[in-house]
file target_19.cif (mmCIF, C-alpha atoms)
data_protein
loop_
_atom_site.label_atom_id
_atom_site.label_comp_id
_atom_site.auth_asym_id
_atom_site.auth_seq_id
_atom_site.Cartn_x
_atom_site.Cartn_y
_atom_site.Cartn_z
CA MET A 1 -33.90 -43.26 -36.74
CA SER A 2 -34.59 -39.56 -37.04
CA GLU A 3 -33.55 -38.85 -33.43
CA TRP A 4 -31.85 -35.48 -32.99
CA GLN A 5 -28.07 -35.75 -32.99
CA PRO A 6 -26.03 -33.27 -30.99
CA GLU A 7 -22.88 -31.57 -32.21
CA PRO A 8 -20.10 -33.28 -30.15
CA HIS A 9 -18.41 -30.02 -29.10
CA THR A 10 -21.53 -29.06 -27.14
CA LEU A 11 -21.76 -32.20 -24.99
CA GLY A 12 -19.11 -31.39 -22.38
CA GLY A 13 -21.60 -30.16 -19.79
CA ALA A 14 -23.86 -33.18 -20.09
CA HIS A 15 -20.85 -35.50 -19.97
CA ALA A 16 -19.43 -33.81 -16.86
CA MET A 17 -22.70 -34.65 -15.10
CA ASP A 18 -22.94 -38.19 -16.50
CA ALA A 19 -26.04 -37.16 -18.42
CA LEU A 20 -25.04 -39.01 -21.58
CA GLU A 21 -25.69 -42.65 -22.19
CA GLY A 22 -25.72 -45.16 -25.01
CA GLN A 23 -24.75 -43.79 -28.41
CA ASP A 24 -24.45 -40.22 -27.11
CA ARG A 25 -21.85 -41.29 -24.55
CA THR A 26 -19.92 -43.59 -26.88
CA ARG A 27 -19.73 -40.95 -29.59
CA PHE A 28 -18.67 -38.20 -27.23
CA GLU A 29 -16.02 -40.33 -25.53
CA ARG A 30 -14.60 -41.13 -28.95
CA HIS A 31 -14.65 -37.41 -29.75
CA LEU A 32 -12.85 -36.62 -26.48
CA GLU A 33 -9.90 -38.78 -27.50
CA ARG A 34 -9.04 -36.33 -30.26
CA CYS A 35 -10.46 -33.03 -28.99
CA GLU A 36 -8.18 -31.35 -26.49
CA GLU A 37 -10.49 -28.40 -26.10
CA CYS A 38 -13.39 -30.62 -25.02
CA THR A 39 -11.11 -32.62 -22.72
CA ARG A 40 -10.09 -29.39 -21.00
CA GLU A 41 -13.67 -28.21 -20.80
CA VAL A 42 -14.87 -31.48 -19.28
CA ALA A 43 -12.09 -31.37 -16.69
CA GLY A 44 -13.10 -27.84 -15.69
CA LEU A 45 -16.77 -28.73 -15.56
CA ARG A 46 -16.03 -31.84 -13.48
CA GLU A 47 -14.66 -29.43 -10.88
CA ALA A 48 -18.00 -27.61 -10.94
CA SER A 49 -20.03 -30.79 -10.67
CA ALA A 50 -17.80 -31.91 -7.78
CA ARG A 51 -18.99 -28.80 -5.95
CA LEU A 52 -22.54 -30.02 -6.40
CA ALA A 53 -21.35 -33.23 -4.74
CA ALA A 54 -19.74 -31.32 -1.88
CA ALA A 55 -22.96 -29.33 -1.43
CA ALA A 56 -24.92 -32.55 -0.98
CA ALA A 57 -22.59 -33.86 1.76
CA ALA A 58 -24.25 -36.09 4.36
CA GLN A 59 -22.61 -38.21 7.04
CA PRO A 60 -22.77 -41.90 6.18
CA PRO A 61 -23.97 -44.25 8.93
CA ALA A 62 -21.06 -45.12 11.23
CA ALA A 63 -21.72 -48.79 10.63
CA LEU A 64 -20.69 -48.40 7.02
CA ILE A 65 -16.97 -48.43 7.72
CA TRP A 66 -17.14 -51.62 9.76
CA ASN A 67 -18.64 -53.61 6.97
CA ALA A 68 -16.73 -56.72 6.00
CA ALA A 69 -16.50 -55.73 2.35
CA TRP A 70 -13.29 -53.79 3.00
CA THR A 71 -12.01 -55.03 6.29
CA GLY A 72 -8.39 -53.84 6.08
CA ALA A 73 -8.82 -50.09 6.28
CA PRO A 74 -11.68 -50.06 8.79
CA ARG A 75 -9.58 -52.07 11.21
CA CYS A 76 -7.01 -49.37 10.89
CA CYS A 77 -9.71 -46.69 11.46
CA ARG A 78 -10.71 -48.45 14.62
CA CYS A 79 -7.26 -48.60 16.14
CA ARG A 80 -6.58 -45.04 15.13
CA ALA A 81 -9.74 -43.91 16.83
CA ALA A 82 -8.77 -45.83 19.96
CA ALA A 83 -5.24 -44.39 20.02
CA MET B 1 -3.00 -60.09 -6.95
CA GLU B 2 -3.85 -57.36 -4.49
CA THR B 3 -7.44 -56.57 -5.22
CA GLY B 4 -8.76 -54.78 -2.19
CA PRO B 5 -8.09 -53.46 1.27
CA GLY B 6 -8.92 -56.84 2.78
CA ARG B 7 -6.06 -58.50 0.92
CA VAL B 8 -3.31 -56.39 2.39
CA SER B 9 -2.17 -57.16 5.89
CA PRO B 10 -1.61 -56.29 8.59
CA PRO B 11 -3.10 -52.79 8.63
CA ARG B 12 -0.76 -50.28 10.14
CA CYS B 13 -2.05 -48.37 13.12
CA THR B 14 0.48 -45.56 12.96
CA GLY B 15 0.48 -42.53 10.77
CA GLY B 16 -2.95 -41.13 11.57
CA ALA B 17 -1.72 -37.79 12.85
CA ALA B 18 0.84 -37.39 10.10
CA ALA B 19 -1.75 -38.26 7.49
CA SER B 20 -4.12 -35.53 8.63
CA ALA B 21 -1.55 -32.90 7.78
CA ARG B 22 -1.24 -34.09 4.22
CA ASP B 23 -3.50 -32.94 1.44
CA LEU B 24 -5.93 -35.18 -0.33
CA ALA B 25 -3.81 -35.53 -3.45
CA ALA B 26 -0.83 -36.70 -1.41
CA LEU B 27 -3.07 -39.10 0.49
CA LEU B 28 -4.30 -40.66 -2.75
CA THR B 29 -0.70 -41.19 -3.81
CA GLN B 30 -0.17 -43.05 -0.54
CA VAL B 31 -3.36 -45.06 -1.06
CA ALA B 32 -2.00 -46.14 -4.44
CA LYS B 33 0.93 -47.68 -2.55
CA GLY B 34 -1.42 -49.65 -0.29
CA ASP B 35 -1.29 -47.35 2.75
CA HIS B 36 -4.27 -48.15 4.98
CA ALA B 37 -3.87 -45.13 7.25
CA ALA B 38 -3.98 -42.87 4.19
CA PHE B 39 -7.08 -44.67 2.96
CA ALA B 40 -8.79 -44.16 6.32
CA GLU B 41 -7.93 -40.48 6.12
CA VAL B 42 -9.30 -40.23 2.59
CA TYR B 43 -12.47 -41.90 3.82
CA ASP B 44 -12.80 -39.37 6.65
CA ARG B 45 -12.34 -36.46 4.28
CA VAL B 46 -14.63 -37.46 1.42
CA SER B 47 -17.17 -39.93 2.76
CA ALA B 48 -19.74 -37.17 3.41
CA PRO B 49 -19.74 -35.75 -0.12
CA VAL B 50 -19.63 -39.28 -1.55
CA PHE B 51 -22.46 -40.64 0.58
CA GLY B 52 -24.54 -37.47 0.24
CA THR B 53 -24.26 -37.48 -3.53
CA VAL B 54 -24.96 -41.18 -3.86
CA ARG B 55 -27.99 -40.90 -1.61
CA ARG B 56 -29.38 -37.98 -3.56
CA VAL B 57 -29.18 -39.91 -6.80
CA VAL B 58 -29.99 -43.42 -5.57
CA ARG B 59 -32.47 -42.40 -2.82
CA ASP B 60 -32.89 -45.85 -1.31
CA PRO B 61 -30.88 -45.76 1.98
CA SER B 62 -29.49 -49.30 1.98
CA LEU B 63 -28.71 -49.18 -1.72
CA SER B 64 -26.91 -45.88 -1.10
CA GLU B 65 -24.70 -47.52 1.51
CA GLU B 66 -23.92 -50.35 -0.86
CA VAL B 67 -22.99 -47.98 -3.69
CA THR B 68 -20.89 -45.87 -1.29
CA GLN B 69 -18.89 -48.96 -0.40
CA GLU B 70 -18.39 -49.76 -4.06
CA VAL B 71 -17.11 -46.22 -4.55
CA PHE B 72 -14.48 -46.62 -1.84
CA VAL B 73 -13.41 -50.02 -3.10
CA GLU B 74 -12.88 -48.35 -6.48
CA VAL B 75 -10.98 -45.47 -4.86
CA TRP B 76 -8.73 -48.03 -3.20
CA ARG B 77 -8.13 -50.01 -6.37
CA ALA B 78 -7.86 -47.13 -8.81
CA ALA B 79 -5.91 -44.60 -6.71
CA SER B 80 -2.85 -45.04 -8.93
CA ARG B 81 -4.87 -43.62 -11.83
CA PHE B 82 -5.41 -40.30 -10.06
CA GLU B 83 -3.26 -37.63 -11.74
CA ALA B 84 -2.94 -34.39 -9.82
CA GLY B 85 -2.29 -32.40 -13.01
CA LYS B 86 -5.61 -33.39 -14.53
CA GLY B 87 -7.93 -32.14 -11.81
CA SER B 88 -8.61 -31.96 -8.09
CA PRO B 89 -8.76 -35.10 -5.94
CA LEU B 90 -12.31 -34.18 -4.90
CA ALA B 91 -13.40 -34.07 -8.55
CA TRP B 92 -11.74 -37.44 -9.14
CA VAL B 93 -13.58 -39.06 -6.23
CA ALA B 94 -16.87 -37.27 -6.98
CA THR B 95 -16.71 -38.47 -10.58
CA ILE B 96 -16.39 -42.08 -9.41
CA ALA B 97 -19.22 -41.62 -6.91
CA HIS B 98 -21.63 -39.90 -9.27
CA ARG B 99 -21.01 -42.27 -12.15
CA ARG B 100 -21.57 -45.33 -9.96
CA ALA B 101 -24.73 -43.85 -8.47
CA VAL B 102 -26.10 -42.99 -11.89
CA ASP B 103 -25.20 -46.39 -13.35
CA ARG B 104 -26.98 -48.07 -10.46
CA VAL B 105 -30.08 -45.96 -10.63
CA ARG B 106 -30.34 -46.43 -14.38
CA SER B 107 -30.12 -50.19 -14.15
CA GLU B 108 -32.38 -50.57 -11.11
CA HIS B 109 -35.01 -47.94 -11.60
CA ARG B 110 -35.42 -47.93 -15.32
CA SER B 111 -39.15 -48.26 -15.31
CA ALA B 112 -41.87 -47.76 -12.72
CA GLU B 113 -39.92 -46.12 -9.91
CA ARG B 114 -38.39 -43.51 -12.15
CA ASP B 115 -41.71 -42.70 -13.74
CA ARG B 116 -43.07 -42.07 -10.29
CA ARG B 117 -40.13 -39.85 -9.35
CA ALA B 118 -40.60 -37.92 -12.56
CA ALA B 119 -43.88 -36.64 -11.16
CA ALA B 120 -41.95 -34.42 -8.71
CA PRO B 121 -38.69 -33.73 -10.52
CA LEU B 122 -37.88 -30.42 -8.89
CA ILE B 123 -37.46 -31.75 -5.38
CA ALA B 124 -33.76 -32.08 -6.14
CA TYR B 125 -32.98 -28.38 -5.91
CA ASP B 126 -34.84 -27.79 -2.65
CA GLU B 127 -33.18 -30.78 -1.06
CA VAL B 128 -29.86 -28.96 -1.18
CA ALA B 129 -31.13 -27.52 2.10
CA GLU B 130 -30.95 -30.86 3.88
CA THR B 131 -27.72 -32.71 4.82
CA VAL B 132 -24.65 -31.64 6.76
CA GLU B 133 -24.73 -28.50 8.90
CA ASP B 134 -22.37 -25.59 8.26
CA ASN B 135 -21.59 -26.69 4.76
CA LEU B 136 -19.86 -23.76 3.06
CA ASP B 137 -20.05 -25.50 -0.28
CA ARG B 138 -23.78 -25.79 0.09
CA GLU B 139 -24.27 -22.08 0.74
CA ARG B 140 -22.13 -21.11 -2.18
CA VAL B 141 -23.70 -23.62 -4.52
CA ARG B 142 -27.19 -22.48 -3.55
CA ARG B 143 -26.28 -18.89 -4.23
CA CYS B 144 -24.74 -19.72 -7.57
CA LEU B 145 -27.63 -21.97 -8.59
CA ARG B 146 -29.97 -19.08 -7.92
CA ALA B 147 -28.01 -16.96 -10.37
CA LEU B 148 -28.80 -19.36 -13.23
CA THR B 149 -31.87 -19.09 -15.44
CA GLU B 150 -34.68 -21.38 -14.39
CA LEU B 151 -34.13 -23.77 -17.28
CA GLN B 152 -30.37 -23.91 -16.67
CA ARG B 153 -30.96 -24.66 -13.01
CA GLU B 154 -33.53 -27.34 -13.69
CA ALA B 155 -31.33 -28.96 -16.32
CA VAL B 156 -28.29 -29.01 -14.01
CA THR B 157 -30.07 -30.23 -10.88
CA LEU B 158 -32.14 -32.88 -12.64
CA ALA B 159 -29.03 -34.22 -14.33
CA TYR B 160 -26.73 -34.16 -11.32
CA TYR B 161 -29.02 -34.85 -8.38
CA GLY B 162 -31.75 -36.65 -10.28
CA GLY B 163 -29.36 -38.78 -12.32
CA TYR B 164 -31.29 -38.15 -15.53
CA THR B 165 -29.76 -38.00 -19.00
CA TYR B 166 -30.23 -34.78 -20.94
CA ARG B 167 -32.70 -36.58 -23.19
CA GLU B 168 -34.72 -37.64 -20.13
CA VAL B 169 -34.59 -34.10 -18.77
CA ALA B 170 -35.91 -32.88 -22.12
CA GLY B 171 -38.83 -35.30 -21.81
CA LEU B 172 -39.55 -34.28 -18.21
CA LEU B 173 -39.54 -30.57 -18.98
CA GLY B 174 -41.16 -30.80 -22.40
CA VAL B 175 -38.25 -28.93 -24.00
CA PRO B 176 -36.25 -30.02 -27.10
CA ALA B 177 -33.18 -32.14 -26.27
CA GLY B 178 -30.87 -29.71 -28.06
CA THR B 179 -32.09 -26.85 -25.90
CA VAL B 180 -31.62 -28.86 -22.70
CA ASN B 181 -28.11 -29.86 -23.76
CA THR B 182 -27.17 -26.24 -24.38
CA ARG B 183 -28.70 -25.02 -21.11
CA MET B 184 -26.98 -27.79 -19.18
CA ARG B 185 -23.59 -26.75 -20.54
CA ASP B 186 -24.22 -23.02 -20.15
CA GLY B 187 -25.53 -23.58 -16.64
CA LEU B 188 -22.54 -25.62 -15.54
CA ILE B 189 -20.12 -23.09 -17.06
CA ARG B 190 -21.86 -20.28 -15.19
CA LEU B 191 -21.82 -22.34 -12.03
CA ARG B 192 -18.09 -22.99 -12.41
CA ASP B 193 -17.36 -19.30 -12.95
CA CYS B 194 -19.58 -18.24 -10.05
CA LEU B 195 -18.10 -20.77 -7.60
CA GLY B 196 -14.43 -19.98 -8.17
CA PRO B 197 -11.76 -22.16 -6.59
CA ARG B 198 -12.67 -24.28 -3.58
CA ASP B 199 -11.12 -23.56 -0.17
CA GLU B 200 -9.67 -26.76 1.22
#
call {"tool": "encode", "arguments": {"input": "target_19.cif", "output": "structure tokens"}}
result
Amino acid sequence: MSEWQPEPHTLGGAHAMDALEGQDRTRFERHLERCEECTREVAGLREASARLAAAAAAQPPAALIWNAAWTGAPRCCRCRAAA
Amino acid sequence: METGPGRVSPPRCTGGAAASARDLAALLTQVAKGDHAAFAEVYDRVSAPVFGTVRRVVRDPSLSEEVTQEVFVEVWRAASRFEAGKGSPLAWVATIAHRRAVDRVRSEHRSAERDRRAAAPLIAYDEVAETVEDNLDRERVRRCLRALTELQREAVTLAYYGGYTYREVAGLLGVPAGTVNTRMRDGLIRLRDCLGPRDE
């Protein structure tokens, strides 16, 4: 198809925000395996996108940690809280 | 095979106080060894950014809780893959959280729901105001987002908080995909430089 194809070196920002999918993502991940500069850039930009995550912080419902899906650690949380 | 927190027993009830003095990277190293107290501490430290991010992207409250749980199961199972030299522990956890949220929203909301959301795509930025009180990260991020050009800011917030691909953002904004890709990268670089290192 005649869809526009990006130059791989420019995709680090989109990748660091999970804004690539399909062919774009596959191609860029292949490119990352041999491009140290892009690997470094993505790592740095992941730190920036993590700050966007921190800025969105919201307390999860307390009930979440009691859920049976991961019983081991929550039981520990409970006894720690009671201690 | 140890596959999850539920398979390791019994959970230890000691170590809570000691764990709180350790940093997140050290805690993840302990989690990789199956330490439940360390895992509980990691949960306490990062559940708010994880849940907040997931909820922003996924929107549906019960689905957000489900995805948040998946994130922590992955943190538990994959903790041994965290490498301190390659980035911060927060970035490692946030990457897991955001990717899972985005994967979920792309598989669930591919069609009608996302088209509807596209009608008000810029809500994402304003919603940074909501959430946890006294969030220093939020203040700083807001300030630094304001320093971006409008297109950079829209590209970054639609991608990160909206969960859109750069091609989708291009469609929403009526701007060529190549331009959006460039603005997204430039915007995130400027954001990184504006934010500086994070105080733990």
call {"tool": "closest_residue", "arguments": {"input": "target_19.cif", "among": "A:Ala50, A:Thr26, A:Pro61, A:Cys38", "to": "A:Leu11", "atoms": "only C-alpha atoms"}}
result
A:Cys38
call {"tool": "atom_distance", "arguments": {"input": "target_19.cif", "atom1": "atom CA of B:Glu41", "atom2": "atom CA of B:Pro197"}}
result
22.6 Å
call {"tool": "closest_residue", "arguments": {"input": "target_19.cif", "among": "B:Gln30, B:Ser62, B:Thr182, B:Ser107", "to": "chain A", "atoms": "all atoms listed in the file"}}
result
B:Thr182
call {"tool": "closest_residue", "arguments": {"input": "target_19.cif", "among": "B:Tyr161, B:Asp103, B:Arg143, B:Gly178", "to": "A:Pro8", "atoms": "all atoms listed in the file"}}
result
B:Gly178
call {"tool": "resolve_selection", "arguments": {"input": "target_19.cif", "expression": "the PyMOL selection byres ((chain B and resi 169-174) around 10)", "output": "list of chain:residue names"}}
result
A:Ala19, B:Asp115, B:Ala118, B:Ala119, B:Ala120, B:Pro121, B:Leu151, B:Glu154, B:Ala155, B:Val156, B:Thr157, B:Leu158, B:Ala159, B:Gly162, B:Gly163, B:Tyr164, B:Thr165, B:Tyr166, B:Arg167, B:Glu168, B:Val175, B:Pro176, B:Ala177, B:Gly178, B:Thr179, B:Val180, B:Asn181, B:Met184
call {"tool": "write_last_selection", "arguments": {"input": "target_19.cif", "atoms": "C-alpha atoms", "output": "PDB file, in the frame of the given file"}}
result
ATOM      1  CA  ALA A  19     -26.040 -37.160 -18.420  1.00  0.00           C
TER       2      ALA A  19
ATOM      3  CA  ASP B 115     -41.710 -42.700 -13.740  1.00  0.00           C
ATOM      4  CA  ALA B 118     -40.600 -37.920 -12.560  1.00  0.00           C
ATOM      5  CA  ALA B 119     -43.880 -36.640 -11.160  1.00  0.00           C
ATOM      6  CA  ALA B 120     -41.950 -34.420  -8.710  1.00  0.00           C
ATOM      7  CA  PRO B 121     -38.690 -33.730 -10.520  1.00  0.00           C
ATOM      8  CA  LEU B 151     -34.130 -23.770 -17.280  1.00  0.00           C
ATOM      9  CA  GLU B 154     -33.530 -27.340 -13.690  1.00  0.00           C
ATOM     10  CA  ALA B 155     -31.330 -28.960 -16.320  1.00  0.00           C
ATOM     11  CA  VAL B 156     -28.290 -29.010 -14.010  1.00  0.00           C
ATOM     12  CA  THR B 157     -30.070 -30.230 -10.880  1.00  0.00           C
ATOM     13  CA  LEU B 158     -32.140 -32.880 -12.640  1.00  0.00           C
ATOM     14  CA  ALA B 159     -29.030 -34.220 -14.330  1.00  0.00           C
ATOM     15  CA  GLY B 162     -31.750 -36.650 -10.280  1.00  0.00           C
ATOM     16  CA  GLY B 163     -29.360 -38.780 -12.320  1.00  0.00           C
ATOM     17  CA  TYR B 164     -31.290 -38.150 -15.530  1.00  0.00           C
ATOM     18  CA  THR B 165     -29.760 -38.000 -19.000  1.00  0.00           C
ATOM     19  CA  TYR B 166     -30.230 -34.780 -20.940  1.00  0.00           C
ATOM     20  CA  ARG B 167     -32.700 -36.580 -23.190  1.00  0.00           C
ATOM     21  CA  GLU B 168     -34.720 -37.640 -20.130  1.00  0.00           C
ATOM     22  CA  VAL B 175     -38.250 -28.930 -24.000  1.00  0.00           C
ATOM     23  CA  PRO B 176     -36.250 -30.020 -27.100  1.00  0.00           C
ATOM     24  CA  ALA B 177     -33.180 -32.140 -26.270  1.00  0.00           C
ATOM     25  CA  GLY B 178     -30.870 -29.710 -28.060  1.00  0.00           C
ATOM     26  CA  THR B 179     -32.090 -26.850 -25.900  1.00  0.00           C
ATOM     27  CA  VAL B 180     -31.620 -28.860 -22.700  1.00  0.00           C
ATOM     28  CA  ASN B 181     -28.110 -29.860 -23.760  1.00  0.00           C
ATOM     29  CA  MET B 184     -26.980 -27.790 -19.180  1.00  0.00           C
TER      30      MET B 184
END
call {"tool": "resolve_selection", "arguments": {"input": "target_19.cif", "expression": "the PyMOL selection byres ((chain B and resi 96) around 10)", "output": "list of chain:residue names"}}
result
B:Val50, B:Glu70, B:Val71, B:Phe72, B:Glu74, B:Val75, B:Ala78, B:Leu90, B:Ala91, B:Trp92, B:Val93, B:Ala94, B:Thr95, B:Ala97, B:His98, B:Arg99, B:Arg100, B:Ala101
call {"tool": "atom_distance", "arguments": {"input": "target_19.cif", "atom1": "atom CA of B:Arg77", "atom2": "atom CA of A:Gly12"}}
result
26.9 Å
call {"tool": "closest_residue", "arguments": {"input": "target_19.cif", "among": "B:Thr29, B:Ser80, B:Thr149, B:Ser88", "to": "chain A", "atoms": "all atoms listed in the file"}}
result
B:Ser88
call {"tool": "closest_residue", "arguments": {"input": "target_19.cif", "among": "A:Ala53, A:Ala48, A:Leu20, A:Leu64", "to": "B:Arg190", "atoms": "all atoms listed in the file"}}
result
A:Ala48
call {"tool": "closest_residue", "arguments": {"input": "target_19.cif", "among": "B:Ser64, B:Asn135, B:Gln152, B:Gln69", "to": "A:Ala54", "atoms": "all atoms listed in the file"}}
result
B:Asn135
call {"tool": "residues_near_point", "arguments": {"input": "target_19.cif", "point": "(-4.6, -35.7, -5.0)", "cutoff": "7 Å", "atoms": "only C-alpha atoms", "output": "count of residues only"}}
result
10
call {"tool": "residues_near_point", "arguments": {"input": "target_19.cif", "point": "(-25.3, -16.1, -6.7)", "cutoff": "12 Å", "atoms": "only C-alpha atoms", "output": "CSV table (one decimal) with C-alpha atoms, keeping the file's coordinate frame"}}
result
chain,number,residue,atom,x,y,z
B,138,ARG,CA,-23.8,-25.8,0.1
B,139,GLU,CA,-24.3,-22.1,0.7
B,140,ARG,CA,-22.1,-21.1,-2.2
B,141,VAL,CA,-23.7,-23.6,-4.5
B,142,ARG,CA,-27.2,-22.5,-3.6
B,143,ARG,CA,-26.3,-18.9,-4.2
B,144,CYS,CA,-24.7,-19.7,-7.6
B,145,LEU,CA,-27.6,-22.0,-8.6
B,146,ARG,CA,-30.0,-19.1,-7.9
B,147,ALA,CA,-28.0,-17.0,-10.4
B,148,LEU,CA,-28.8,-19.4,-13.2
B,149,THR,CA,-31.9,-19.1,-15.4
B,190,ARG,CA,-21.9,-20.3,-15.2
B,191,LEU,CA,-21.8,-22.3,-12.0
B,192,ARG,CA,-18.1,-23.0,-12.4
B,193,ASP,CA,-17.4,-19.3,-13.0
B,194,CYS,CA,-19.6,-18.2,-10.0
B,195,LEU,CA,-18.1,-20.8,-7.6
B,196,GLY,CA,-14.4,-20.0,-8.2
call {"tool": "atom_distance", "arguments": {"input": "target_19.cif", "atom1": "atom CA of B:Arg153", "atom2": "atom CA of A:Asp24"}}
result
22.0 Å
call {"tool": "resolve_selection", "arguments": {"input": "target_19.cif", "expression": "the PyMOL selection byres ((chain B and resi 59) around 12)", "output": "VMD selection string"}}
result
chain B and resid 51 to 58 60 to 67 101 to 102 104 to 105 108 to 109 113 to 114 117 124 127 161 to 163
call {"tool": "write_last_selection", "arguments": {"input": "target_19.cif", "atoms": "C-alpha atoms", "output": "compact mmCIF listing (two decimals), keeping the file's coordinate frame"}}
result
# COMPACT_ATOMS: atom_id res chain seq x y z
CA PHE B 51 -22.46 -40.64 0.58
CA GLY B 52 -24.54 -37.47 0.24
CA THR B 53 -24.26 -37.48 -3.53
CA VAL B 54 -24.96 -41.18 -3.86
CA ARG B 55 -27.99 -40.90 -1.61
CA ARG B 56 -29.38 -37.98 -3.56
CA VAL B 57 -29.18 -39.91 -6.80
CA VAL B 58 -29.99 -43.42 -5.57
CA ASP B 60 -32.89 -45.85 -1.31
CA PRO B 61 -30.88 -45.76 1.98
CA SER B 62 -29.49 -49.30 1.98
CA LEU B 63 -28.71 -49.18 -1.72
CA SER B 64 -26.91 -45.88 -1.10
CA GLU B 65 -24.70 -47.52 1.51
CA GLU B 66 -23.92 -50.35 -0.86
CA VAL B 67 -22.99 -47.98 -3.69
CA ALA B 101 -24.73 -43.85 -8.47
CA VAL B 102 -26.10 -42.99 -11.89
CA ARG B 104 -26.98 -48.07 -10.46
CA VAL B 105 -30.08 -45.96 -10.63
CA GLU B 108 -32.38 -50.57 -11.11
CA HIS B 109 -35.01 -47.94 -11.60
CA GLU B 113 -39.92 -46.12 -9.91
CA ARG B 114 -38.39 -43.51 -12.15
CA ARG B 117 -40.13 -39.85 -9.35
CA ALA B 124 -33.76 -32.08 -6.14
CA GLU B 127 -33.18 -30.78 -1.06
CA TYR B 161 -29.02 -34.85 -8.38
CA GLY B 162 -31.75 -36.65 -10.28
CA GLY B 163 -29.36 -38.78 -12.32
